[in-house]
Amino acid sequence: MKGKGCIVLIVIVALIAIVGFWAVGIRNGFVGQEQTVNAKWSNVETVYQKRANLIPNLERTVKSYAKFESETLTKVVEARSKATSVNIDPTNMTEADMAKFQAAQGELSGSLSRLLAVVESYPNLKADQQYINFQREYTAIENSIRSETVYYNDAAKEYNTNIKTFPNNIIANFSNFKEKPYFKAEAGAEKAPPAFTE
C-alpha cells in the first residue's frame, strides 16, 4: 500500500508540474504578445508625432503669405496642441483612452484638411517649394499612419483573441491581462480625403 501511495503522490506532483509549466508557457506567450501590441502602439504614436512635427514648418510657410486666412491656420495649431497633449499608457489602454486619442487626432486631421482646401485658392503658396515639400512629407506620413494603425489592430486582434480563448482566458484573468482597444474608422471616413494638386 505504501508503494501505491508514493506512485499516486508522484503522479499528482507530475500533473501539477505539467499544468504549472503549461500555465507559465501560456502566460509568457501573453507577455510576448502584449509587448508586440505595445511596440505597435509606439509606432503609431511615432507617426502621429511626425505629423505634428510638420505643423510648425507649415505654419512658417503659410504665414509668409500675408493674405492667407489666419483663422484656419490658428485652428490647425490649436488642434496640434490638443493632439500632442493626449498621452496614453499602452499597458492600461481603454476604449475611452483610444476614443480620446482618436478624437484629438481626428480634429487635427480635419483642421489640416480645411487648411489644405483653403490653400487651393493661393496659387503662389501651392507653388512654394517649402509647401510642396510639406505636401510630400504629409502624404507619406498619412500613409504611414494608415499602415501603422492597421499593424496595431492586427497585433491587438491576435492578443485579444489569445486572451479570450478557452482555457487561455482563465490564465489571462488570473494574471490580469486586459483586452486592448482597436482603432476605429472616424465618422465620415467613407468620404475620400482631399487630394493634393501640384
# chains A, B, ... in the order shown; residues from 1 in each chain; ligands from 1

$ residues_around --residues "Gln102 (chain A)" --least-positions-apart "3" --cutoff "9 Å" --atoms "only C-alpha atoms" --output "list in words"
Ala83, Asp97, Met98, Ala99, Gln105, Gly106, Glu107, Phe183, Lys184 and Glu186 of chain A

$ write_last_selection --atoms "N, CA and C atoms" --output "tab-separated table (two decimals), in the first residue's frame"
chain	number	residue	atom	x	y	z
A	83	ALA	N	-3.82	67.58	-29.84
A	83	ALA	CA	-3.48	66.21	-30.23
A	83	ALA	C	-2.20	65.73	-29.56
A	97	ASP	N	-9.75	55.78	-23.59
A	97	ASP	CA	-8.46	56.38	-23.94
A	97	ASP	C	-8.29	56.44	-25.45
A	98	MET	N	-8.61	55.32	-26.11
A	98	MET	CA	-8.47	55.26	-27.57
A	98	MET	C	-9.39	56.27	-28.23
A	99	ALA	N	-10.62	56.37	-27.75
A	99	ALA	CA	-11.58	57.33	-28.32
A	99	ALA	C	-11.07	58.76	-28.15
A	105	GLN	N	-6.74	63.37	-32.62
A	105	GLN	CA	-6.06	63.22	-33.91
A	105	GLN	C	-7.01	63.54	-35.06
A	106	GLY	N	-8.27	63.16	-34.91
A	106	GLY	CA	-9.28	63.46	-35.93
A	106	GLY	C	-9.51	64.95	-36.08
A	107	GLU	N	-9.48	65.67	-34.95
A	107	GLU	CA	-9.63	67.13	-35.01
A	107	GLU	C	-8.47	67.75	-35.77
A	183	PHE	N	-8.25	50.66	-33.12
A	183	PHE	CA	-8.53	51.88	-33.86
A	183	PHE	C	-9.81	51.63	-34.63
A	184	LYS	N	-10.67	52.63	-34.64
A	184	LYS	CA	-11.93	52.52	-35.39
A	184	LYS	C	-11.97	53.63	-36.43
A	186	GLU	N	-13.10	56.76	-38.32
A	186	GLU	CA	-13.72	58.01	-37.87
A	186	GLU	C	-15.04	58.21	-38.60

$ residues_around --residues "Trp22 (chain A)" --least-positions-apart "5" --cutoff "12 Å" --atoms "only C-alpha atoms" --output "PyMOL selection string"
chain A and resi 15-17+27-29+167-168+171

$ write_last_selection --atoms "C-alpha atoms" --output "short mmCIF file (atom, residue, chain, number, x, y, z; two decimals), in the first residue's frame"
data_model
loop_
_atom_site.label_atom_id
_atom_site.label_comp_id
_atom_site.auth_asym_id
_atom_site.auth_seq_id
_atom_site.Cartn_x
_atom_site.Cartn_y
_atom_site.Cartn_z
CA LEU A 15 0.29 16.50 -13.10
CA ILE A 16 0.62 19.68 -11.04
CA ALA A 17 4.04 20.33 -12.57
CA ARG A 27 1.29 33.43 -19.57
CA ASN A 28 4.71 34.03 -21.15
CA GLY A 29 3.03 33.93 -24.57
CA PRO A 167 -8.66 27.85 -21.47
CA ASN A 168 -6.27 30.78 -22.00
CA ILE A 171 -4.90 32.31 -17.07
#

$ atom_distance --atom1 "CA of Glu34 (chain A)" --atom2 "CA of Lys180 (chain A)"
8.8 Å

$ closest_residue --among "A:Leu116, A:Ala103, A:Ile141, A:Met93" --to "Trp41 (chain A)" --atoms "only C-alpha atoms"
A:Met93

$ atom_distance --atom1 "CA of Leu115 (chain A)" --atom2 "CA of Tyr152 (chain A)"
28.7 Å

$ atom_distance --atom1 "CA of Ser111 (chain A)" --atom2 "CA of Lys75 (chain A)"
6.3 Å

$ residues_around --residues "Ala52 (chain A)" --least-positions-apart "4" --cutoff "12 Å" --atoms "only C-alpha atoms" --output "ChimeraX atom specification"
/A:45-48,56-59,76-85,104-105,108-109,112,134,137-138,141-142,145

$ write_last_selection --atoms "C-alpha atoms" --output "PDB file, in the first residue's frame"
ATOM      1  CA  GLU A  45       2.457  57.369 -31.690  1.00  0.00           C
ATOM      2  CA  THR A  46       5.687  57.973 -33.609  1.00  0.00           C
ATOM      3  CA  VAL A  47       3.972  58.579 -36.951  1.00  0.00           C
ATOM      4  CA  TYR A  48       1.361  60.829 -35.356  1.00  0.00           C
ATOM      5  CA  PRO A  56       5.491  74.360 -37.388  1.00  0.00           C
ATOM      6  CA  ASN A  57       7.109  74.213 -40.856  1.00  0.00           C
ATOM      7  CA  LEU A  58       3.704  74.521 -42.484  1.00  0.00           C
ATOM      8  CA  GLU A  59       2.846  77.406 -40.160  1.00  0.00           C
ATOM      9  CA  VAL A  76      -4.561  73.792 -37.099  1.00  0.00           C
ATOM     10  CA  VAL A  77      -2.057  74.994 -34.492  1.00  0.00           C
ATOM     11  CA  GLU A  78      -4.640  74.636 -31.690  1.00  0.00           C
ATOM     12  CA  ALA A  79      -5.634  71.158 -32.888  1.00  0.00           C
ATOM     13  CA  ARG A  80      -1.955  70.161 -32.989  1.00  0.00           C
ATOM     14  CA  SER A  81      -1.523  71.329 -29.404  1.00  0.00           C
ATOM     15  CA  LYS A  82      -4.550  69.323 -28.284  1.00  0.00           C
ATOM     16  CA  ALA A  83      -3.480  66.212 -30.232  1.00  0.00           C
ATOM     17  CA  THR A  84       0.032  66.205 -28.797  1.00  0.00           C
ATOM     18  CA  SER A  85      -1.282  66.634 -25.243  1.00  0.00           C
ATOM     19  CA  ALA A 104      -7.851  64.643 -30.863  1.00  0.00           C
ATOM     20  CA  GLN A 105      -6.061  63.224 -33.909  1.00  0.00           C
ATOM     21  CA  LEU A 108      -6.095  67.748 -36.261  1.00  0.00           C
ATOM     22  CA  SER A 109      -6.808  65.814 -39.462  1.00  0.00           C
ATOM     23  CA  LEU A 112      -5.374  70.147 -41.799  1.00  0.00           C
ATOM     24  CA  PHE A 134       5.295  69.672 -46.836  1.00  0.00           C
ATOM     25  CA  GLU A 137       6.033  64.577 -46.331  1.00  0.00           C
ATOM     26  CA  TYR A 138       2.431  64.906 -45.207  1.00  0.00           C
ATOM     27  CA  ILE A 141       3.109  60.328 -43.094  1.00  0.00           C
ATOM     28  CA  GLU A 142      -0.637  59.895 -43.661  1.00  0.00           C
ATOM     29  CA  ILE A 145      -0.420  56.381 -40.117  1.00  0.00           C
TER      30      ILE A 145
END

$ closest_residue --among "A:Arg114, A:Lys126, A:Ile26, A:Val119" --to "Ser175 (chain A)" --atoms "only C-alpha atoms"
A:Ile26

$ closest_residue --among "A:Asn133, A:Gly25, A:Val31, A:Ile12" --to "Phe177 (chain A)" --atoms "only C-alpha atoms"
A:Val31

$ select_by_dssp --residues "chain A" --states "alpha helix (DSSP H)" --output "number ranges by chain"
A: 2-63, 70-85, 95-119, 123-127, 129-164, 168-175

$ closest_residue --among "A:Glu71, A:Glu120, A:Glu148, A:Asp154" --to "Val44 (chain A)" --atoms "only C-alpha atoms"
A:Glu148

$ residues_around --residues "Gln33 (chain A)" --least-positions-apart "2" --cutoff "8 Å" --atoms "only C-alpha atoms" --output "NGL selection string"
:A and (29-31 or 35-37 or 155 or 158-159)

$ write_last_selection --atoms "C-alpha atoms" --output "short mmCIF file (atom, residue, chain, number, x, y, z; two decimals), in the first residue's frame"
data_model
loop_
_atom_site.label_atom_id
_atom_site.label_comp_id
_atom_site.auth_asym_id
_atom_site.auth_seq_id
_atom_site.Cartn_x
_atom_site.Cartn_y
_atom_site.Cartn_z
CA GLY A 29 3.03 33.93 -24.57
CA PHE A 30 0.64 36.65 -23.39
CA VAL A 31 3.59 38.76 -22.25
CA GLN A 35 4.84 43.59 -25.81
CA THR A 36 4.18 43.34 -29.55
CA VAL A 37 0.96 45.35 -29.14
CA ALA A 155 -1.42 42.76 -33.16
CA GLU A 158 -4.12 38.39 -32.12
CA TYR A 159 -3.51 39.28 -28.47
#

$ closest_residue --among "A:Lys100, A:Lys157, A:Arg136, A:Lys4" --to "Tyr182 (chain A)" --atoms "only C-alpha atoms"
A:Lys157
